[in-house]
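What follows is the content of target_35.txt, which has compact mmCIF, C-alpha atoms and all ligand atoms:
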# COMPACT_ATOMS: atom_id res chain seq x y z
CA MET A 1 91.67 117.05 82.73
CA LYS A 2 93.58 114.11 81.29
CA SER A 3 92.25 110.65 80.43
CA GLN A 4 94.50 107.58 80.56
CA LYS A 5 93.12 104.38 79.00
CA SER A 6 95.97 102.13 80.05
CA PHE A 7 94.90 98.99 78.17
CA LEU A 8 93.87 100.81 75.01
CA ASN A 9 96.58 103.38 74.39
CA ASN A 10 100.05 102.49 73.24
CA VAL A 11 102.00 104.81 75.48
CA PRO A 12 105.15 104.05 77.52
CA THR A 13 104.20 103.18 81.09
CA LEU A 14 105.47 103.54 84.62
CA TYR A 15 104.21 100.55 86.64
CA LEU A 16 104.00 100.92 90.43
CA VAL A 17 104.47 97.34 91.52
CA ALA A 18 103.47 96.29 95.05
CA THR A 19 105.73 93.59 96.49
CA PRO A 20 105.36 91.25 99.51
CA ILE A 21 105.50 92.74 103.03
CA GLY A 22 107.15 89.56 104.33
CA ASN A 23 105.62 86.45 102.85
CA LEU A 24 106.92 85.83 99.34
CA LYS A 25 103.85 83.73 98.55
CA GLU A 26 101.96 87.00 98.32
CA MET A 27 103.83 88.06 95.17
CA THR A 28 101.20 88.14 92.43
CA PRO A 29 101.66 86.49 89.01
CA ARG A 30 100.93 89.87 87.40
CA ALA A 31 103.70 91.54 89.41
CA VAL A 32 106.20 88.88 88.28
CA GLU A 33 105.05 89.21 84.66
CA ILE A 34 105.37 93.01 84.64
CA LEU A 35 108.79 92.95 86.34
CA LYS A 36 109.99 90.51 83.66
CA GLU A 37 108.53 92.53 80.79
CA VAL A 38 109.64 96.08 81.60
CA ASP A 39 112.93 97.49 80.31
CA VAL A 40 114.13 98.66 83.70
CA ILE A 41 113.17 98.35 87.38
CA ALA A 42 113.73 101.39 89.59
CA ALA A 43 114.13 100.25 93.20
CA GLU A 44 114.33 101.98 96.59
CA ASP A 45 117.13 99.60 97.59
CA THR A 46 118.67 97.61 94.78
CA ARG A 47 120.24 95.04 97.12
CA ASN A 48 116.91 94.19 98.74
CA THR A 49 115.11 94.04 95.43
CA MET A 50 117.86 91.87 93.97
CA GLY A 51 116.86 89.14 96.46
CA LEU A 52 113.24 89.32 95.33
CA LEU A 53 114.21 89.25 91.65
CA LYS A 54 116.47 86.24 92.15
CA HIS A 55 113.71 84.35 93.93
CA PHE A 56 111.33 84.88 91.00
CA GLU A 57 114.03 84.44 88.32
CA ILE A 58 113.61 87.98 87.01
CA ASN A 59 116.64 89.29 85.12
CA THR A 60 115.51 92.83 84.31
CA LYS A 61 118.01 95.68 84.71
CA LEU A 62 117.83 97.29 88.14
CA ILE A 63 118.58 100.94 89.00
CA ALA A 64 118.41 102.92 92.26
CA HIS A 65 115.56 105.34 92.90
CA HIS A 66 115.52 106.48 96.51
CA MET A 67 114.66 109.57 98.54
CA TYR A 68 118.17 111.01 98.13
CA ASN A 69 118.22 110.87 94.32
CA GLU A 70 114.49 111.02 93.57
CA LYS A 71 114.55 114.29 91.59
CA GLN A 72 117.69 113.51 89.61
CA SER A 73 116.72 109.89 88.99
CA SER A 74 113.26 111.01 87.78
CA ASP A 75 114.98 113.00 84.98
CA GLY A 76 116.71 109.83 83.80
CA LEU A 77 113.53 107.76 84.01
CA ILE A 78 111.52 110.34 82.03
CA GLU A 79 114.25 110.21 79.39
CA MET A 80 113.78 106.42 79.19
CA LEU A 81 110.01 106.83 78.74
CA ASN A 82 110.78 109.42 76.01
CA ASN A 83 112.75 106.65 74.29
CA GLY A 84 109.74 104.31 74.39
CA MET A 85 110.86 102.20 77.35
CA ASN A 86 108.56 100.84 80.07
CA ILE A 87 109.59 101.13 83.71
CA ALA A 88 108.57 99.49 86.98
CA LEU A 89 109.00 101.16 90.36
CA VAL A 90 109.26 99.01 93.49
CA SER A 91 110.01 99.74 97.13
CA ASP A 92 111.44 97.33 99.71
CA ALA A 93 107.97 96.09 100.61
CA GLY A 94 104.34 96.90 99.88
CA TYR A 95 103.40 99.82 97.67
CA PRO A 96 105.83 102.42 96.33
CA LEU A 97 104.87 105.97 97.49
CA ILE A 98 103.30 104.70 100.74
CA SER A 99 105.85 106.06 103.25
CA ASP A 100 108.33 105.40 100.46
CA PRO A 101 109.76 107.25 97.43
CA GLY A 102 107.82 107.67 94.19
CA GLN A 103 105.55 110.73 94.47
CA VAL A 104 107.94 113.02 92.58
CA LEU A 105 108.33 110.50 89.77
CA VAL A 106 104.60 109.79 89.46
CA ASN A 107 103.75 113.48 89.15
CA ARG A 108 106.51 114.02 86.59
CA VAL A 109 105.39 111.04 84.49
CA ILE A 110 101.74 112.17 84.52
CA ASP A 111 102.82 115.69 83.53
CA ALA A 112 104.87 114.24 80.68
CA GLY A 113 101.78 112.45 79.34
CA TYR A 114 102.82 108.83 79.96
CA ASN A 115 100.81 106.10 81.67
CA VAL A 116 101.08 105.47 85.40
CA VAL A 117 99.60 102.10 86.38
CA THR A 118 99.47 100.36 89.77
CA ILE A 119 100.07 96.61 89.93
CA ASN A 120 98.24 95.64 93.12
CA GLY A 121 99.61 93.46 95.85
CA PRO A 122 100.14 93.23 99.62
CA SER A 123 99.45 96.28 101.77
CA ALA A 124 100.38 96.55 105.45
CA ILE A 125 97.75 99.27 105.90
CA LEU A 126 94.84 97.24 104.59
CA ALA A 127 95.94 93.95 106.15
CA ALA A 128 96.21 95.58 109.59
CA LEU A 129 93.01 97.60 109.22
CA CYS A 130 90.76 94.77 108.06
CA ALA A 131 91.75 92.37 110.84
CA SER A 132 92.00 95.02 113.58
CA GLY A 133 88.42 94.96 114.81
CA ILE A 134 88.40 98.78 114.61
CA ALA A 135 85.99 100.39 112.10
CA ALA A 136 87.45 99.76 108.64
CA GLN A 137 85.94 102.89 107.17
CA PRO A 138 86.20 105.76 107.01
CA PHE A 139 89.90 105.77 107.80
CA THR A 140 92.85 108.13 107.58
CA PHE A 141 96.36 106.86 106.89
CA VAL A 142 98.84 109.17 108.62
CA GLY A 143 102.09 107.21 108.10
CA PHE A 144 104.99 107.81 110.51
CA LEU A 145 104.44 110.39 113.25
CA GLY A 146 107.16 112.94 114.02
CA SER A 147 110.13 111.50 115.88
CA SER A 148 110.52 114.12 118.65
CA GLU A 149 108.02 114.26 121.53
CA LYS A 150 107.05 117.81 120.58
CA GLU A 151 106.45 117.00 116.93
CA CYS A 152 104.62 113.77 117.66
CA LYS A 153 102.28 115.34 120.22
CA LYS A 154 101.63 118.31 117.94
CA GLN A 155 100.53 115.98 115.17
CA LEU A 156 98.39 113.92 117.53
CA GLU A 157 96.69 117.12 118.74
CA LYS A 158 95.65 117.65 115.13
CA TRP A 159 94.06 114.18 114.97
CA LYS A 160 92.58 114.18 118.47
CA ASN A 161 89.01 115.04 117.43
CA HIS A 162 89.16 113.26 114.08
CA GLU A 163 86.29 110.77 113.91
CA GLU A 164 87.85 108.42 111.36
CA THR A 165 90.00 105.42 112.25
CA LEU A 166 93.65 106.51 112.27
CA ILE A 167 96.53 104.44 110.89
CA PHE A 168 100.13 105.04 111.91
CA TYR A 169 103.33 103.27 110.94
CA GLU A 170 105.86 102.80 113.72
CA SER A 171 109.18 101.17 114.44
CA PRO A 172 109.82 98.86 117.42
CA HIS A 173 112.30 101.19 119.12
CA ARG A 174 109.78 104.06 119.22
CA ILE A 175 106.51 102.25 119.77
CA GLU A 176 106.39 102.57 123.56
CA LYS A 177 106.98 106.32 123.52
CA THR A 178 104.51 106.82 120.69
CA LEU A 179 101.78 104.91 122.53
CA LYS A 180 102.44 106.96 125.66
CA TYR A 181 101.99 110.14 123.63
CA CYS A 182 98.82 108.67 122.10
CA LEU A 183 97.44 107.90 125.55
CA THR A 184 98.24 111.40 126.77
CA VAL A 185 96.83 113.26 123.78
CA LEU A 186 94.08 111.00 122.43
CA GLY A 187 92.90 109.46 125.71
CA ASP A 188 92.57 105.76 126.44
CA ARG A 189 90.80 104.51 123.33
CA ARG A 190 90.64 101.16 121.54
CA MET A 191 93.47 100.23 119.22
CA CYS A 192 95.15 97.33 117.50
CA LEU A 193 98.87 96.86 117.12
CA ALA A 194 99.46 94.64 114.09
CA ARG A 195 103.01 93.43 113.76
CA GLU A 196 105.10 91.19 111.55
CA LEU A 197 102.16 90.77 109.18
CA THR A 198 102.32 87.73 106.89
CA LYS A 199 105.44 86.48 108.75
CA LYS A 200 106.03 83.72 111.29
CA TYR A 201 105.66 85.98 114.35
CA GLU A 202 102.60 87.84 113.07
CA GLU A 203 100.59 89.20 116.00
CA TYR A 204 97.52 91.37 116.53
CA LEU A 205 97.28 93.06 119.95
CA ARG A 206 93.73 94.32 120.36
CA GLY A 207 92.76 96.37 123.43
CA THR A 208 92.89 99.86 124.86
CA ILE A 209 96.07 101.95 124.49
CA SER A 210 96.90 101.43 128.18
CA GLU A 211 96.46 97.65 127.86
CA VAL A 212 98.74 97.46 124.82
CA LEU A 213 101.27 99.68 126.63
CA GLU A 214 101.58 97.06 129.37
CA VAL A 215 103.06 94.51 126.94
CA VAL A 216 104.54 96.62 124.17
CA LYS A 217 108.11 96.46 125.51
CA GLU A 218 108.27 92.86 124.29
CA CYS A 219 107.11 93.75 120.76
CA LYS A 220 109.63 93.60 117.96
CA GLY A 221 109.50 93.77 114.19
CA GLU A 222 107.50 95.89 111.76
CA MET A 223 104.28 97.32 113.09
CA VAL A 224 101.13 99.23 112.24
CA ILE A 225 98.93 101.06 114.76
CA ILE A 226 95.20 101.07 114.05
CA MET A 227 93.62 103.64 116.35
CA GLU A 228 89.91 104.13 116.96
CA GLY A 229 88.66 107.55 115.84
CA CYS A 230 87.29 110.13 118.25
CA LYS A 231 83.89 109.03 119.50
CA GLN A 232 81.21 111.69 119.34
CA GLU A 233 78.68 109.86 121.49
CA GLU A 234 78.69 110.34 125.24
CA GLN A 235 81.21 108.40 127.27
CA PRO A 236 79.74 105.71 129.55
CA THR A 237 79.25 106.62 133.20
CA LEU A 238 82.13 105.10 135.15
CA SER A 239 82.38 104.29 138.85
CA MET A 240 84.87 106.29 140.94
CA PRO A 241 87.34 103.33 141.25
CA ASP A 242 87.36 103.01 137.42
CA LEU A 243 87.90 106.75 137.02
CA LEU A 244 90.82 106.58 139.46
CA LYS A 245 92.33 103.71 137.44
CA ILE A 246 92.22 105.93 134.35
CA VAL A 247 93.92 108.74 136.30
CA ASP A 248 96.64 106.25 137.36
CA ARG A 249 97.21 105.16 133.75
CA TYR A 250 97.69 108.77 132.64
CA VAL A 251 100.10 109.35 135.52
CA GLU A 252 102.04 106.18 134.60
CA ALA A 253 102.26 107.54 131.04
CA GLY A 254 104.03 110.64 132.38
CA MET A 255 101.22 113.12 133.09
CA SER A 256 101.11 115.12 136.31
CA ALA A 257 98.33 114.04 138.70
CA LYS A 258 96.66 117.44 138.25
CA ASP A 259 96.54 117.11 134.45
CA ALA A 260 95.49 113.46 134.64
CA ILE A 261 92.54 114.34 136.89
CA LYS A 262 91.54 117.26 134.67
CA LYS A 263 91.69 115.12 131.52
CA THR A 264 89.70 112.25 133.07
CA ALA A 265 87.09 114.69 134.36
CA GLN A 266 86.70 116.27 130.92
CA GLU A 267 86.54 112.92 129.11
CA TYR A 268 83.91 111.38 131.35
CA GLY A 269 81.95 114.52 132.20
CA VAL A 270 82.67 114.27 135.93
CA SER A 271 83.63 117.06 138.31
CA LYS A 272 87.41 117.29 138.66
CA ASN A 273 87.06 118.27 142.31
CA GLU A 274 85.16 115.06 142.98
CA ILE A 275 87.88 112.97 141.34
CA TYR A 276 90.54 114.95 143.20
CA ARG A 277 88.85 114.35 146.59
CA ASN A 278 88.77 110.59 145.97
CA TYR A 279 92.29 110.59 144.52
CA VAL A 280 93.86 112.10 147.65
CA SER A 281 91.72 110.24 150.19
N1 LIG B 301 105.65 100.97 101.30
C1 LIG B 301 105.31 100.19 102.45
C2 LIG B 301 103.82 99.83 102.45
O1 LIG B 301 103.17 99.87 101.41
O2 LIG B 301 103.32 99.44 103.51
C3 LIG B 301 105.69 100.89 103.73
C4 LIG B 301 107.12 101.26 103.85
S1 LIG B 301 107.54 102.00 105.37
C5 LIG B 301 109.17 102.50 105.07
C6 LIG B 301 107.78 100.60 106.41
C7 LIG B 301 106.70 100.50 107.48
O3 LIG B 301 105.59 99.77 106.95
C8 LIG B 301 107.12 99.69 108.69
O4 LIG B 301 107.85 100.49 109.62
C9 LIG B 301 105.81 99.24 109.26
O5 LIG B 301 105.20 100.29 109.97
C10 LIG B 301 105.00 98.97 107.97
N2 LIG B 301 105.13 97.55 107.58
C11 LIG B 301 105.75 97.09 106.49
N3 LIG B 301 105.68 95.73 106.46
C12 LIG B 301 104.99 95.36 107.56
C13 LIG B 301 104.61 94.10 108.11
N4 LIG B 301 104.93 92.95 107.53
N5 LIG B 301 103.90 94.09 109.28
C14 LIG B 301 103.58 95.25 109.89
N6 LIG B 301 103.93 96.46 109.42
C15 LIG B 301 104.63 96.51 108.27
Please rewrite the model in this file as structure tokens.
Ligand code: SAM
Amino acid sequence: MKSQKSFLNNVPTLYLVATPIGNLKEMTPRAVEILKEVDVIAAEDTRNTMGLLKHFEINTKLIAHHMYNEKQSSDGLIEMLNNGMNIALVSDAGYPLISDPGQVLVNRVIDAGYNVVTINGPSAILAALCASGIAAQPFTFVGFLGSSEKECKKQLEKWKNHEETLIFYESPHRIEKTLKYCLTVLGDRRMCLARELTKKYEEYLRGTISEVLEVVKECKGEMVIIMEGCKQEEQPTLSMPDLLKIVDRYVEAGMSAKDAIKKTAQEYGVSKNEIYRNYVS
């Protein structure tokens, strides 16, 4: 057990500084103050961070700390803390460590007995979650799903029966495929696609997965998926035409008719033979 009394001890500190996820007006005064005060800023991408520093007239020395040099760069940063320097870590946007580099450094700094302090700020996860209309807690942040179909579906299988709200990060060129995999594995549940948060084209698409899929081709920019958790209560009784619509959606998402009927039957507690008879008639 280790206690860290950040405001009372006089120990060199690594500050994890959250930065705007788009709108520069969300930079906090404390973040600016800390970035001005520290001896060095370690940044995921020095060119991106340079723009932020210029905007806020911050002249602190900047060094690179990214996923390709994280281990090696951590050695150098620990050495700086050994010499009594204070350091800030920033990523391109939002919080360091959240789908971004920093975990290796944080663990090393804690092990070395120095302070690690978060300077709070904008978070794409929390912004998307709170406005989504999906239960805000409990939730599980998953981050990016695997990029291949096999990997992505395997991960989704793991989350299929998870009751908590799920949060995924996604990029615009993969969103359609990912939502198709979600529909196939998780079933047609409620979700919110929150994109371009805090920016001019900010948009929240709230609906079922199949509804969002109908328009997702047009969606660009940075995006977060907020996905309803697995419901434990019984599914509502649906009429046969509604059940057939669900079968059609699964088929459109790439499932065979046989699998789509089986899945719909299981989800809504209806006989698959009955759905099949109506499907072929
Ligand atoms: N460290 C960042 C954080 O705290 O959110 C995340 C970095 S990760 C490399 C980038 C992903 O974050 C994007 O692909 C997107 O999923 C999400 N993201 C970042 N900014 C966003 C925004 N303004 N609107 C929606 N999603 C955003």
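The closest residue to Val11 in chain A, picked from A:Met85, A:Met191, A:Ala128, A:Leu179 and counting all atoms listed in the file, is A:Met85.
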CA of Lys158 in chain A to CA of Ile125 in chain A, straight-line distance in Å: 20.7 Å
So which residues are near ligand LIG 301 (chain B), meaning at most 6 Å away with all atoms listed in the file counted, given back as a ChimeraX atom specification? /A:21-22,93-96,98-100,123-124,169-171,194-198,222-224
Selection near Glu228 in chain A, 7 Å with all atoms listed in the file, sequence-local residues under 6 positions removed, as JSON, numbers by chain: {"A": [134, 165, 166, 189, 190, 191]}
List every residue of range 97-169 of chain A that has an atom at most 12 Å from any atom of range 27-47 of chain A, giving for each one its closest atom pair and the distance in Å to one decimal, counting all atoms listed in the file, sorted by chain and then by ascending residue number, as CSV.
residue,atom,partner,partner_atom,distance
A:Leu97,CA,A:Glu44,CA,10.3
A:Ser99,CA,A:Glu44,CA,11.5
A:Asp100,CA,A:Glu44,CA,7.9
A:Pro101,CA,A:Glu44,CA,7.0
A:Gly102,CA,A:Glu44,CA,9.0
A:Leu105,CA,A:Ala42,CA,10.6
A:Val117,CA,A:Ile34,CA,10.9
A:Thr118,CA,A:Ala31,CA,9.8
A:Ile119,CA,A:Ala31,CA,6.3
A:Asn120,CA,A:Ala31,CA,7.8
A:Gly121,CA,A:Thr28,CA,6.5
A:Pro122,CA,A:Met27,CA,7.8
A:Ser123,CA,A:Met27,CA,11.4
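From CA of Glu202 in chain A back to CA of Arg249 in chain A, the distance works out to 27.5 Å.
Shortest separation to Asn278 in chain A among A:Leu129, A:Val247, A:Leu52, A:Leu77 occurs at residue A:Val247, atoms counted being all atoms listed in the file.
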Can you measure CA of Leu238 in chain A to CA of His162 in chain A for me? One decimal in Å is fine. 23.7 Å
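Taking all atoms listed in the file into account, Asn10 in chain A lies nearest to A:Asn115 out of the set A:Asn161, A:Asn115, A:Thr60, A:His66.
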Set the distance at 12 Å and use only C-alpha atoms: which residues neighbour Lys154 in chain A once local chain neighbours fewer than 4 positions away are removed? I'd like the list as a VMD selection string. chain A and resid 145 to 150 158 to 160 181 to 182 184 to 186
